[in-house]
Structures are given as structure tokens and as C-alpha cells.
>>> print(open('protein.cif').read())   # mmCIF, C-alpha atoms and all ligand atoms
data_input
#
loop_
_atom_site.group_PDB
_atom_site.id
_atom_site.type_symbol
_atom_site.label_atom_id
_atom_site.label_comp_id
_atom_site.auth_asym_id
_atom_site.auth_seq_id
_atom_site.Cartn_x
_atom_site.Cartn_y
_atom_site.Cartn_z
ATOM 1 C CA MET I 1 59.721 -96.552 -183.780
ATOM 2 C CA GLN I 2 58.115 -99.561 -185.409
ATOM 3 C CA THR I 3 54.351 -99.909 -185.802
ATOM 4 C CA LEU I 4 53.013 -103.481 -185.725
ATOM 5 C CA GLN I 5 49.476 -104.722 -186.209
ATOM 6 C CA ASP I 6 50.054 -108.467 -185.825
ATOM 7 C CA ALA I 7 50.263 -110.382 -182.559
ATOM 8 C CA PRO I 8 53.053 -112.750 -183.821
ATOM 9 C CA ALA I 9 55.221 -109.797 -184.923
ATOM 10 C CA LEU I 10 54.652 -108.098 -181.570
ATOM 11 C CA ARG I 11 55.558 -111.253 -179.676
ATOM 12 C CA ALA I 12 58.742 -111.659 -181.749
ATOM 13 C CA ALA I 13 59.845 -108.092 -180.952
ATOM 14 C CA ILE I 14 59.163 -108.570 -177.228
ATOM 15 C CA ARG I 15 60.965 -111.955 -177.259
ATOM 16 C CA SER I 16 64.051 -110.429 -178.820
ATOM 17 C CA TRP I 17 64.177 -107.677 -176.124
ATOM 18 C CA ARG I 18 63.599 -110.210 -173.364
ATOM 19 C CA SER I 19 66.424 -112.397 -174.699
ATOM 20 C CA LYS I 20 68.743 -109.421 -174.057
ATOM 21 C CA GLY I 21 67.411 -109.040 -170.517
ATOM 22 C CA GLN I 22 65.544 -105.810 -171.310
ATOM 23 C CA THR I 23 62.486 -104.670 -169.361
ATOM 24 C CA VAL I 24 59.285 -103.534 -171.050
ATOM 25 C CA GLY I 25 56.990 -100.621 -170.154
ATOM 26 C CA PHE I 26 53.511 -100.365 -171.649
ATOM 27 C CA VAL I 27 51.026 -97.539 -172.210
ATOM 28 C CA PRO I 28 47.681 -98.732 -173.633
ATOM 29 C CA THR I 29 45.554 -96.007 -175.262
ATOM 30 C CA LEU I 30 42.483 -95.390 -177.379
ATOM 31 C CA GLY I 31 44.614 -93.121 -179.584
ATOM 32 C CA ASN I 32 44.160 -89.427 -180.409
ATOM 33 C CA LEU I 33 47.114 -88.797 -178.155
ATOM 34 C CA HIS I 34 47.709 -85.563 -176.243
ATOM 35 C CA ALA I 35 50.280 -84.298 -173.758
ATOM 36 C CA GLY I 36 48.728 -86.481 -171.035
ATOM 37 C CA HIS I 37 49.545 -89.648 -172.994
ATOM 38 C CA GLN I 38 52.999 -88.307 -173.813
ATOM 39 C CA SER I 39 53.656 -87.863 -170.087
ATOM 40 C CA LEU I 40 52.845 -91.573 -169.587
ATOM 41 C CA ILE I 41 55.368 -92.539 -172.272
ATOM 42 C CA LYS I 42 57.971 -90.316 -170.588
ATOM 43 C CA LEU I 43 57.372 -92.074 -167.258
ATOM 44 C CA ALA I 44 57.753 -95.498 -168.903
ATOM 45 C CA ARG I 45 60.843 -94.342 -170.828
ATOM 46 C CA ALA I 46 62.508 -93.362 -167.543
ATOM 47 C CA ARG I 47 61.746 -96.720 -165.890
ATOM 48 C CA THR I 48 62.064 -99.482 -168.472
ATOM 49 C CA ASP I 49 64.501 -100.367 -171.275
ATOM 50 C CA ARG I 50 61.799 -100.597 -173.925
ATOM 51 C CA VAL I 51 58.477 -98.803 -174.273
ATOM 52 C CA VAL I 52 55.410 -100.130 -176.083
ATOM 53 C CA ALA I 53 52.219 -98.113 -176.673
ATOM 54 C CA SER I 54 48.993 -99.443 -178.137
ATOM 55 C CA VAL I 55 46.280 -97.615 -180.037
ATOM 56 C CA PHE I 56 43.004 -99.496 -180.161
ATOM 57 C CA VAL I 57 39.498 -98.026 -180.023
ATOM 58 C CA ASN I 58 38.046 -100.888 -178.019
ATOM 59 C CA PRO I 59 34.433 -101.577 -179.030
ATOM 60 C CA THR I 60 33.542 -103.526 -175.871
ATOM 61 C CA GLN I 61 34.016 -100.562 -173.526
ATOM 62 C CA PHE I 62 31.562 -98.283 -175.358
ATOM 63 C CA ALA I 63 27.879 -98.721 -174.513
ATOM 64 C CA PRO I 64 25.305 -98.428 -177.324
ATOM 65 C CA GLY I 65 24.750 -94.736 -178.080
ATOM 66 C CA GLU I 66 28.191 -93.672 -176.827
ATOM 67 C CA ASP I 67 30.867 -92.136 -179.043
ATOM 68 C CA PHE I 68 32.540 -95.293 -180.452
ATOM 69 C CA GLU I 69 31.847 -94.300 -184.061
ATOM 70 C CA ARG I 70 32.960 -90.686 -183.747
ATOM 71 C CA TYR I 71 35.909 -91.323 -181.386
ATOM 72 C CA PRO I 72 38.785 -89.472 -183.138
ATOM 73 C CA ARG I 73 41.114 -91.811 -185.039
ATOM 74 C CA THR I 74 44.369 -89.983 -185.795
ATOM 75 C CA LEU I 75 47.003 -92.665 -186.333
ATOM 76 C CA ALA I 76 49.592 -90.618 -188.296
ATOM 77 C CA GLN I 77 49.487 -87.867 -185.664
ATOM 78 C CA ASP I 78 49.750 -90.469 -182.872
ATOM 79 C CA GLN I 79 52.766 -92.121 -184.515
ATOM 80 C CA ALA I 80 54.533 -88.747 -184.697
ATOM 81 C CA ALA I 81 53.749 -87.962 -181.037
ATOM 82 C CA LEU I 82 55.031 -91.372 -179.892
ATOM 83 C CA ALA I 83 58.174 -91.141 -182.023
ATOM 84 C CA ASP I 84 58.875 -87.732 -180.393
ATOM 85 C CA GLU I 85 58.818 -89.466 -176.996
ATOM 86 C CA GLU I 86 61.147 -92.214 -178.260
ATOM 87 C CA CYS I 87 58.552 -94.927 -177.876
ATOM 88 C CA ASP I 88 60.053 -98.150 -179.307
ATOM 89 C CA LEU I 89 56.967 -99.871 -180.631
ATOM 90 C CA LEU I 90 53.377 -98.955 -181.401
ATOM 91 C CA PHE I 91 50.923 -101.861 -181.448
ATOM 92 C CA THR I 92 47.772 -101.158 -183.496
ATOM 93 C CA PRO I 93 45.778 -104.399 -183.470
ATOM 94 C CA ASP I 94 42.529 -104.700 -185.407
ATOM 95 C CA VAL I 95 39.330 -106.046 -183.833
ATOM 96 C CA ALA I 96 39.981 -109.589 -185.173
ATOM 97 C CA THR I 97 43.386 -109.699 -183.448
ATOM 98 C CA LEU I 98 42.014 -108.812 -180.021
ATOM 99 C CA TYR I 99 38.617 -110.482 -180.456
ATOM 100 C CA PRO I 100 39.236 -113.541 -182.656
ATOM 101 C CA TYR I 101 35.698 -114.844 -182.017
ATOM 102 C CA GLY I 102 34.153 -111.392 -182.545
ATOM 103 C CA ALA I 103 33.707 -108.673 -179.910
ATOM 104 C CA GLU I 104 30.173 -109.907 -179.105
ATOM 105 C CA ASN I 105 31.391 -113.491 -178.484
ATOM 106 C CA SER I 106 34.467 -112.656 -176.442
ATOM 107 C CA VAL I 107 35.216 -114.056 -173.022
ATOM 108 C CA MET I 108 34.540 -111.021 -170.821
ATOM 109 C CA LEU I 109 36.094 -110.192 -167.475
ATOM 110 C CA HIS I 110 34.020 -108.699 -164.706
ATOM 111 C CA VAL I 111 35.740 -107.001 -161.795
ATOM 112 C CA PRO I 112 33.156 -106.958 -158.967
ATOM 113 C CA GLN I 113 32.398 -104.369 -156.257
ATOM 114 C CA ILE I 114 34.544 -101.444 -157.395
ATOM 115 C CA THR I 115 32.633 -101.362 -160.711
ATOM 116 C CA ASP I 116 29.185 -101.159 -159.090
ATOM 117 C CA THR I 117 29.373 -97.408 -158.597
ATOM 118 C CA LEU I 118 30.141 -94.087 -160.374
ATOM 119 C CA GLU I 119 31.300 -94.769 -163.968
ATOM 120 C CA GLY I 120 30.264 -98.407 -163.587
ATOM 121 C CA ALA I 121 26.711 -97.359 -162.652
ATOM 122 C CA HIS I 122 26.449 -94.730 -165.396
ATOM 123 C CA ARG I 123 28.172 -96.711 -168.166
ATOM 124 C CA PRO I 124 26.942 -100.316 -167.743
ATOM 125 C CA GLY I 125 29.453 -102.838 -169.100
ATOM 126 C CA HIS I 126 32.153 -100.204 -169.587
ATOM 127 C CA PHE I 127 34.602 -101.669 -167.081
ATOM 128 C CA ASP I 128 34.026 -105.233 -168.315
ATOM 129 C CA GLY I 129 35.241 -103.997 -171.704
ATOM 130 C CA VAL I 130 38.198 -102.144 -170.170
ATOM 131 C CA ALA I 131 39.280 -105.077 -167.968
ATOM 132 C CA THR I 132 38.929 -107.530 -170.857
ATOM 133 C CA VAL I 133 40.929 -105.523 -173.367
ATOM 134 C CA VAL I 134 43.633 -104.553 -170.870
ATOM 135 C CA CYS I 135 44.032 -108.202 -169.828
ATOM 136 C CA LYS I 136 44.285 -109.274 -173.492
ATOM 137 C CA LEU I 137 46.855 -106.533 -174.166
ATOM 138 C CA PHE I 138 48.859 -107.504 -171.064
ATOM 139 C CA ASN I 139 48.898 -111.132 -172.309
ATOM 140 C CA LEU I 140 50.232 -110.040 -175.688
ATOM 141 C CA VAL I 141 52.747 -107.407 -174.553
ATOM 142 C CA GLN I 142 53.713 -109.067 -171.237
ATOM 143 C CA PRO I 143 55.018 -105.792 -169.794
ATOM 144 C CA ASP I 144 56.917 -105.399 -166.526
ATOM 145 C CA LEU I 145 55.256 -102.034 -165.964
ATOM 146 C CA ALA I 146 51.997 -100.537 -167.259
ATOM 147 C CA ILE I 147 51.107 -96.872 -166.759
ATOM 148 C CA PHE I 148 47.609 -95.375 -166.534
ATOM 149 C CA GLY I 149 46.500 -91.770 -165.981
ATOM 150 C CA GLN I 150 44.895 -90.843 -162.702
ATOM 151 C CA LYS I 151 42.189 -88.874 -164.524
ATOM 152 C CA ASP I 152 40.413 -92.209 -165.004
ATOM 153 C CA PHE I 153 40.766 -92.978 -161.315
ATOM 154 C CA GLN I 154 38.137 -95.701 -161.128
ATOM 155 C CA GLN I 155 39.621 -97.388 -164.208
ATOM 156 C CA LEU I 156 42.981 -97.418 -162.442
ATOM 157 C CA LYS I 157 41.407 -99.093 -159.395
ATOM 158 C CA VAL I 158 39.641 -101.663 -161.590
ATOM 159 C CA ILE I 159 42.910 -102.555 -163.324
ATOM 160 C CA GLU I 160 44.824 -102.755 -160.030
ATOM 161 C CA ARG I 161 42.173 -105.110 -158.672
ATOM 162 C CA MET I 162 42.188 -107.255 -161.832
ATOM 163 C CA VAL I 163 45.989 -107.528 -161.799
ATOM 164 C CA SER I 164 46.008 -108.453 -158.131
ATOM 165 C CA ASP I 165 43.116 -110.945 -158.347
ATOM 166 C CA LEU I 166 44.438 -112.684 -161.495
ATOM 167 C CA SER I 167 48.062 -112.598 -160.245
ATOM 168 C CA LEU I 168 49.211 -110.931 -163.456
ATOM 169 C CA PRO I 169 52.974 -110.331 -163.404
ATOM 170 C CA VAL I 170 52.824 -106.597 -164.150
ATOM 171 C CA ARG I 171 53.319 -103.533 -161.973
ATOM 172 C CA VAL I 172 50.604 -100.914 -162.445
ATOM 173 C CA MET I 173 51.636 -97.311 -161.996
ATOM 174 C CA ALA I 174 49.403 -94.231 -161.713
ATOM 175 C CA ALA I 175 50.444 -91.028 -163.454
ATOM 176 C CA PRO I 176 49.264 -87.549 -162.422
ATOM 177 C CA THR I 177 46.516 -85.883 -164.465
ATOM 178 C CA MET I 178 47.838 -83.393 -167.001
ATOM 179 C CA ARG I 179 45.869 -80.150 -167.212
ATOM 180 C CA ALA I 180 45.512 -77.171 -169.532
ATOM 181 C CA ASP I 181 46.638 -73.822 -168.056
ATOM 182 C CA ASP I 182 43.061 -73.097 -166.944
ATOM 183 C CA GLY I 183 42.844 -76.420 -165.043
ATOM 184 C CA LEU I 184 40.799 -78.505 -167.499
ATOM 185 C CA ALA I 185 42.032 -82.118 -167.401
ATOM 186 C CA LEU I 186 43.427 -83.107 -170.810
ATOM 187 C CA SER I 187 41.150 -85.561 -172.610
ATOM 188 C CA SER I 188 40.578 -86.567 -176.214
ATOM 189 C CA ARG I 189 36.899 -85.769 -175.655
ATOM 190 C CA ASN I 190 37.654 -82.065 -174.941
ATOM 191 C CA GLN I 191 37.681 -81.511 -178.700
ATOM 192 C CA TYR I 192 33.930 -82.226 -178.801
ATOM 193 C CA LEU I 193 33.389 -78.985 -176.805
ATOM 194 C CA SER I 194 32.221 -75.824 -178.615
ATOM 195 C CA THR I 195 34.251 -72.657 -177.982
ATOM 196 C CA ALA I 196 31.700 -71.462 -175.411
ATOM 197 C CA GLU I 197 31.659 -74.868 -173.661
ATOM 198 C CA ARG I 198 35.458 -75.054 -173.635
ATOM 199 C CA ALA I 199 35.524 -71.696 -171.825
ATOM 200 C CA ARG I 200 33.147 -73.070 -169.167
ATOM 201 C CA ALA I 201 34.697 -76.545 -168.805
ATOM 202 C CA PRO I 202 37.428 -75.596 -166.231
ATOM 203 C CA MET I 203 34.597 -75.078 -163.732
ATOM 204 C CA ILE I 204 34.837 -78.811 -162.999
ATOM 205 C CA HIS I 205 38.389 -78.447 -161.719
ATOM 206 C CA ASP I 206 37.512 -75.204 -159.886
ATOM 207 C CA THR I 207 34.680 -77.092 -158.162
ATOM 208 C CA LEU I 208 37.036 -79.899 -157.098
ATOM 209 C CA LEU I 209 39.449 -77.332 -155.622
ATOM 210 C CA LYS I 210 36.584 -75.631 -153.777
ATOM 211 C CA MET I 211 35.445 -78.997 -152.369
ATOM 212 C CA ARG I 212 38.948 -79.624 -151.036
ATOM 213 C CA GLU I 213 39.096 -76.151 -149.481
ATOM 214 C CA LEU I 214 35.690 -76.474 -147.801
ATOM 215 C CA LEU I 215 36.417 -79.976 -146.473
ATOM 216 C CA ALA I 216 39.613 -78.659 -144.886
ATOM 217 C CA LYS I 217 37.501 -75.920 -143.239
ATOM 218 C CA GLY I 218 35.386 -78.590 -141.546
ATOM 219 C CA HIS I 219 32.322 -78.874 -143.808
ATOM 220 C CA THR I 220 30.958 -82.399 -144.024
ATOM 221 C CA TRP I 221 31.415 -84.313 -147.268
ATOM 222 C CA ARG I 222 27.672 -84.809 -147.691
ATOM 223 C CA VAL I 223 27.052 -81.043 -147.610
ATOM 224 C CA LEU I 224 29.971 -80.467 -149.985
ATOM 225 C CA GLU I 225 28.526 -82.880 -152.520
ATOM 226 C CA GLN I 226 25.252 -80.963 -152.485
ATOM 227 C CA VAL I 227 26.903 -77.530 -152.716
ATOM 228 C CA ALA I 228 29.190 -78.619 -155.551
ATOM 229 C CA THR I 229 26.355 -80.283 -157.492
ATOM 230 C CA ALA I 230 24.252 -77.115 -157.253
ATOM 231 C CA GLN I 231 27.210 -74.981 -158.365
ATOM 232 C CA LEU I 232 27.790 -77.128 -161.466
ATOM 233 C CA ILE I 233 24.078 -77.092 -162.378
ATOM 234 C CA ARG I 234 24.087 -73.286 -162.099
ATOM 235 C CA GLY I 235 27.112 -73.299 -164.438
ATOM 236 C CA GLY I 236 25.163 -75.159 -167.127
ATOM 237 C CA PHE I 237 26.431 -78.703 -166.422
ATOM 238 C CA GLU I 238 24.315 -81.817 -166.016
ATOM 239 C CA PRO I 239 26.177 -83.806 -163.346
ATOM 240 C CA ASP I 240 26.031 -87.633 -163.319
ATOM 241 C CA TYR I 241 27.770 -87.632 -159.954
ATOM 242 C CA VAL I 242 29.647 -85.243 -157.693
ATOM 243 C CA VAL I 243 30.972 -87.257 -154.785
ATOM 244 C CA ILE I 244 33.614 -87.588 -152.120
ATOM 245 C CA ARG I 245 34.794 -91.149 -151.607
ATOM 246 C CA ARG I 246 37.563 -93.149 -149.987
ATOM 247 C CA ALA I 247 40.384 -93.232 -152.525
ATOM 248 C CA GLU I 248 41.285 -96.778 -151.568
ATOM 249 C CA ASP I 249 38.027 -98.502 -152.544
ATOM 250 C CA LEU I 250 35.655 -95.706 -153.637
ATOM 251 C CA ALA I 251 33.347 -96.496 -150.714
ATOM 252 C CA GLU I 252 31.422 -93.723 -148.929
ATOM 253 C CA PRO I 253 33.495 -92.282 -146.082
ATOM 254 C CA ALA I 254 32.252 -92.431 -142.517
ATOM 255 C CA GLU I 255 30.833 -89.235 -141.006
ATOM 256 C CA GLY I 256 33.739 -86.938 -140.121
ATOM 257 C CA GLU I 257 36.328 -89.057 -141.954
ATOM 258 C CA GLN I 258 38.970 -86.767 -143.477
ATOM 259 C CA ALA I 259 42.031 -88.796 -144.494
ATOM 260 C CA GLY I 260 42.547 -90.623 -147.793
ATOM 261 C CA LEU I 261 39.607 -89.042 -149.611
ATOM 262 C CA ILE I 262 39.057 -88.191 -153.259
ATOM 263 C CA ALA I 263 36.433 -86.020 -154.965
ATOM 264 C CA LEU I 264 35.125 -87.298 -158.298
ATOM 265 C CA ILE I 265 32.920 -85.553 -160.818
ATOM 266 C CA ALA I 266 31.264 -86.691 -164.040
ATOM 267 C CA ALA I 267 29.124 -84.115 -165.791
ATOM 268 C CA ARG I 268 27.763 -83.391 -169.216
ATOM 269 C CA LEU I 269 28.356 -80.043 -170.893
ATOM 270 C CA GLY I 270 26.163 -79.982 -173.984
ATOM 271 C CA SER I 271 26.750 -83.369 -175.622
ATOM 272 C CA THR I 272 30.185 -83.903 -174.056
ATOM 273 C CA ARG I 273 30.656 -85.989 -170.929
ATOM 274 C CA LEU I 274 33.629 -84.860 -168.830
ATOM 275 C CA ILE I 275 35.180 -86.605 -165.816
ATOM 276 C CA ASP I 276 37.775 -85.391 -163.367
ATOM 277 C CA ASN I 277 38.902 -86.009 -159.780
ATOM 278 C CA LEU I 278 41.132 -84.612 -157.063
ATOM 279 C CA LEU I 279 42.895 -86.518 -154.297
ATOM 280 C CA PHE I 280 42.650 -84.648 -151.006
ATOM 281 C CA ASP I 281 45.884 -85.838 -149.439
HETATM 282 O O1 LIG I 301 41.917 -95.220 -170.783
HETATM 283 C C1 LIG I 301 41.952 -95.678 -171.933
HETATM 284 O O2 LIG I 301 42.502 -95.055 -172.849
HETATM 285 C C2 LIG I 301 41.283 -97.020 -172.218
HETATM 286 O O3 LIG I 301 40.216 -97.245 -171.366
HETATM 287 C C3 LIG I 301 42.272 -98.199 -172.191
HETATM 288 C C4 LIG I 301 42.899 -98.365 -170.814
HETATM 289 C C5 LIG I 301 43.350 -97.995 -173.235
HETATM 290 C C6 LIG I 301 41.531 -99.511 -172.524
HETATM 291 O O4 LIG I 301 40.976 -99.460 -173.798
#
>>> encode(input="protein.cif", output="C-alpha cells")
Amino acid sequence: MQTLQDAPALRAAIRSWRSKGQTVGFVPTLGNLHAGHQSLIKLARARTDRVVASVFVNPTQFAPGEDFERYPRTLAQDQAALADEECDLLFTPDVATLYPYGAENSVMLHVPQITDTLEGAHRPGHFDGVATVVCKLFNLVQPDLAIFGQKDFQQLKVIERMVSDLSLPVRVMAAPTMRADDGLALSSRNQYLSTAERARAPMIHDTLLKMRELLAKGHTWRVLEQVATAQLIRGGFEPDYVVIRRAEDLAEPAEGEQAGLIALIAARLGSTRLIDNLLFD
């Protein structure tokens, strides 16, 4: 696997593959890779001739006071993990490559509507940063296929909408959330948890399962949101949101609506913010 930092070198590698008629799969990441990221590489490996991953801790998607500075940077470990999955190329741009006029002076994309709620409401500007960097990376890598984990469900919807609205020639694919044996969704941020918090963290997934079970028994989604929120607070979490939404557009379902729903939770445990979701179909 080659690791490239420069845009011209990346473009040359992609051009040479394209000249042989090869297809390109792409997995953008913030780095500190775990088995969830490796599963995305595997999916790309099975579908395209060449696989590119990127590691870039994108400053524009972190709000002031978030964990940009302490976000784990583990390049050597990431290179080894990607090489194990037979990734062809790792792109590790610096800030000047992706933001030639500086991150604060960059053209920024805003994807409306779907970003007004949930993560968008709790992390102002976050999705502008995500959409902008993903669009820039798509322009550089020009992949046929890009794969994103379903754990960041709203992010996936934002990227789908951006790709569709800007007519970008890339297919976006969702990959299932990878979980630890006790149900906790894999995330680089799990390592911020203390031992005691780590033991409690699977309660988020347990709560999602309970919500699905109770909805199937005929409880209304509004009641379920209240019950689940109270349960998480009793468990020592500080929820930002515990909601049931339409998976298609994250809008509130109508009363009695049952099909095509998703439960989404964001909650703090100590200083760590965890998110997870569960599709009900
Ligand atoms: O989900 C992530 O890892 C990031 O938000 C992404 C898509 C790589 C953009 O920086």
C-alpha cells in the first residue's frame, strides 16, 4: 500500500488506474481506525478494482470546545490496519492541501433541511464541515463508490443528499454498524471512556433494542422516546436526544406510523459523547 500526502501524486495514481479501466472505491476517515473502518475497506475491496482510504482530522467539522485537539492520531497503526485489508492507497493530506486558503476562509457547503435537526442542532456547523471535506475529497479521489458507516446515520443522509443535489458521479453505500460483543457501537471515541463508563456504555444499544421491542408491541413512538430518555438518565447518561424518526428524511413520523422508522440516540457519559441508532425494519 502506498501512502501519499500530495494531491498531484494522488491524481497521478488514480489516472494510471483509470487508464487501465479500473474502478475506484473510497473510504474517507478521521483515522484511529478500528474494525468498523476495516469492514468498510472489505466492502470496497469486494466491489471495486482499487481501494483508496483517507485519514484526515478535518478541522471544519469540529465546533469550538469539541475534541479536535485530542482526537487520537495514530497513523502508523492505521497504515498497518489498512495494509492488512489490502487497501491500495492511503491519502493523508495536510490542512493546506484540502484548505489552500485556510480552513477559516474555505468555500463551505451547506446541506439544508436534513441538517437542521439532531446532530446538526447539537453540533452547529458540523455537517457543513463534513459536506465540504467529503466533496473536496470526492473531487480529488473521483471514486466510483464511497462507503460510509451507518452508525453516523445522519451524516450518511447528508452525504447522499449532497451527492444527489450536486450531481456528483459517485455511488454512496451504507455499511452496517460494527459492534463489540456487548453491543456497544465501535467508535474511536470509545477510548475516552473510563473502565466504569465502558461497562455502562452498552446501555445505549440495549435501549435502542427495547425501543424496537416496545414499538412492535404497539406503544406510540412519543411514549417510547420519553421512557427511553428516562431509562438513560437513570443509567447515568445525559441524553442530547432520544428519538424515533422516519429513516428516509429524519422527519417526525405521523401518529401510529410504523414502517421505515429509525431510533437515534446521542448521549454523554462523563465527558464522552456517544451516538448510535437502530433501523426498525
Ligand atoms: O465519519 C467520519 O469519519 C468523518 O466525518 C468523515 C466522513 C471522514 C469526514 O471527515
>>> residues_near_ligand(input="protein.cif", ligand="ligand LIG 301 (chain I)", cutoff="6 Å", atoms="all atoms listed in the file", output="short mmCIF file (atom, residue, chain, number, x, y, z; two decimals) with C-alpha atoms, in the coordinates of the input")
data_model
loop_
_atom_site.label_atom_id
_atom_site.label_comp_id
_atom_site.auth_asym_id
_atom_site.auth_seq_id
_atom_site.Cartn_x
_atom_site.Cartn_y
_atom_site.Cartn_z
CA PRO I 28 47.68 -98.73 -173.63
CA THR I 29 45.55 -96.01 -175.26
CA LEU I 30 42.48 -95.39 -177.38
CA ASN I 58 38.05 -100.89 -178.02
CA VAL I 130 38.20 -102.14 -170.17
CA VAL I 134 43.63 -104.55 -170.87
#
>>> resolve_selection(input="protein.cif", expression="the PyMOL selection byres (((chain I and resi 240-249) around 7) and not hetatm)", output="list of chain:residue names")
I:Ile114, I:Leu118, I:Trp221, I:Glu225, I:Ala228, I:Thr229, I:Glu238, I:Pro239, I:Leu250, I:Ala251, I:Glu252, I:Pro253, I:Gly260, I:Leu261, I:Ile262, I:Ala263, I:Leu264, I:Ile265, I:Ala266, I:Ala267
>>> write_last_selection(input="protein.cif", atoms="C-alpha atoms", output="PDB file, in the coordinates of the input")
ATOM      1  CA  ILE I 114      34.544-101.444-157.395  1.00  0.00           C
ATOM      2  CA  LEU I 118      30.141 -94.087-160.374  1.00  0.00           C
ATOM      3  CA  TRP I 221      31.415 -84.313-147.268  1.00  0.00           C
ATOM      4  CA  GLU I 225      28.526 -82.880-152.520  1.00  0.00           C
ATOM      5  CA  ALA I 228      29.190 -78.619-155.551  1.00  0.00           C
ATOM      6  CA  THR I 229      26.355 -80.283-157.492  1.00  0.00           C
ATOM      7  CA  GLU I 238      24.315 -81.817-166.016  1.00  0.00           C
ATOM      8  CA  PRO I 239      26.177 -83.806-163.346  1.00  0.00           C
ATOM      9  CA  LEU I 250      35.655 -95.706-153.637  1.00  0.00           C
ATOM     10  CA  ALA I 251      33.347 -96.496-150.714  1.00  0.00           C
ATOM     11  CA  GLU I 252      31.422 -93.723-148.929  1.00  0.00           C
ATOM     12  CA  PRO I 253      33.495 -92.282-146.082  1.00  0.00           C
ATOM     13  CA  GLY I 260      42.547 -90.623-147.793  1.00  0.00           C
ATOM     14  CA  LEU I 261      39.607 -89.042-149.611  1.00  0.00           C
ATOM     15  CA  ILE I 262      39.057 -88.191-153.259  1.00  0.00           C
ATOM     16  CA  ALA I 263      36.433 -86.020-154.965  1.00  0.00           C
ATOM     17  CA  LEU I 264      35.125 -87.298-158.298  1.00  0.00           C
ATOM     18  CA  ILE I 265      32.920 -85.553-160.818  1.00  0.00           C
ATOM     19  CA  ALA I 266      31.264 -86.691-164.040  1.00  0.00           C
ATOM     20  CA  ALA I 267      29.124 -84.115-165.791  1.00  0.00           C
TER      21      ALA I 267
END
>>> atom_distance(input="protein.cif", atom1="CA of Ala96 (chain I)", atom2="CA of Pro59 (chain I)")
11.5 Å
>>> atom_distance(input="protein.cif", atom1="CA of Val111 (chain I)", atom2="CA of Gln38 (chain I)")
28.1 Å
>>> resolve_selection(input="protein.cif", expression="the PyMOL selection byres (((chain I and resi 88) around 9) and not hetatm)", output="PyMOL selection string")
chain I and resi 1-3+50-53+82-83+86-87+89-90
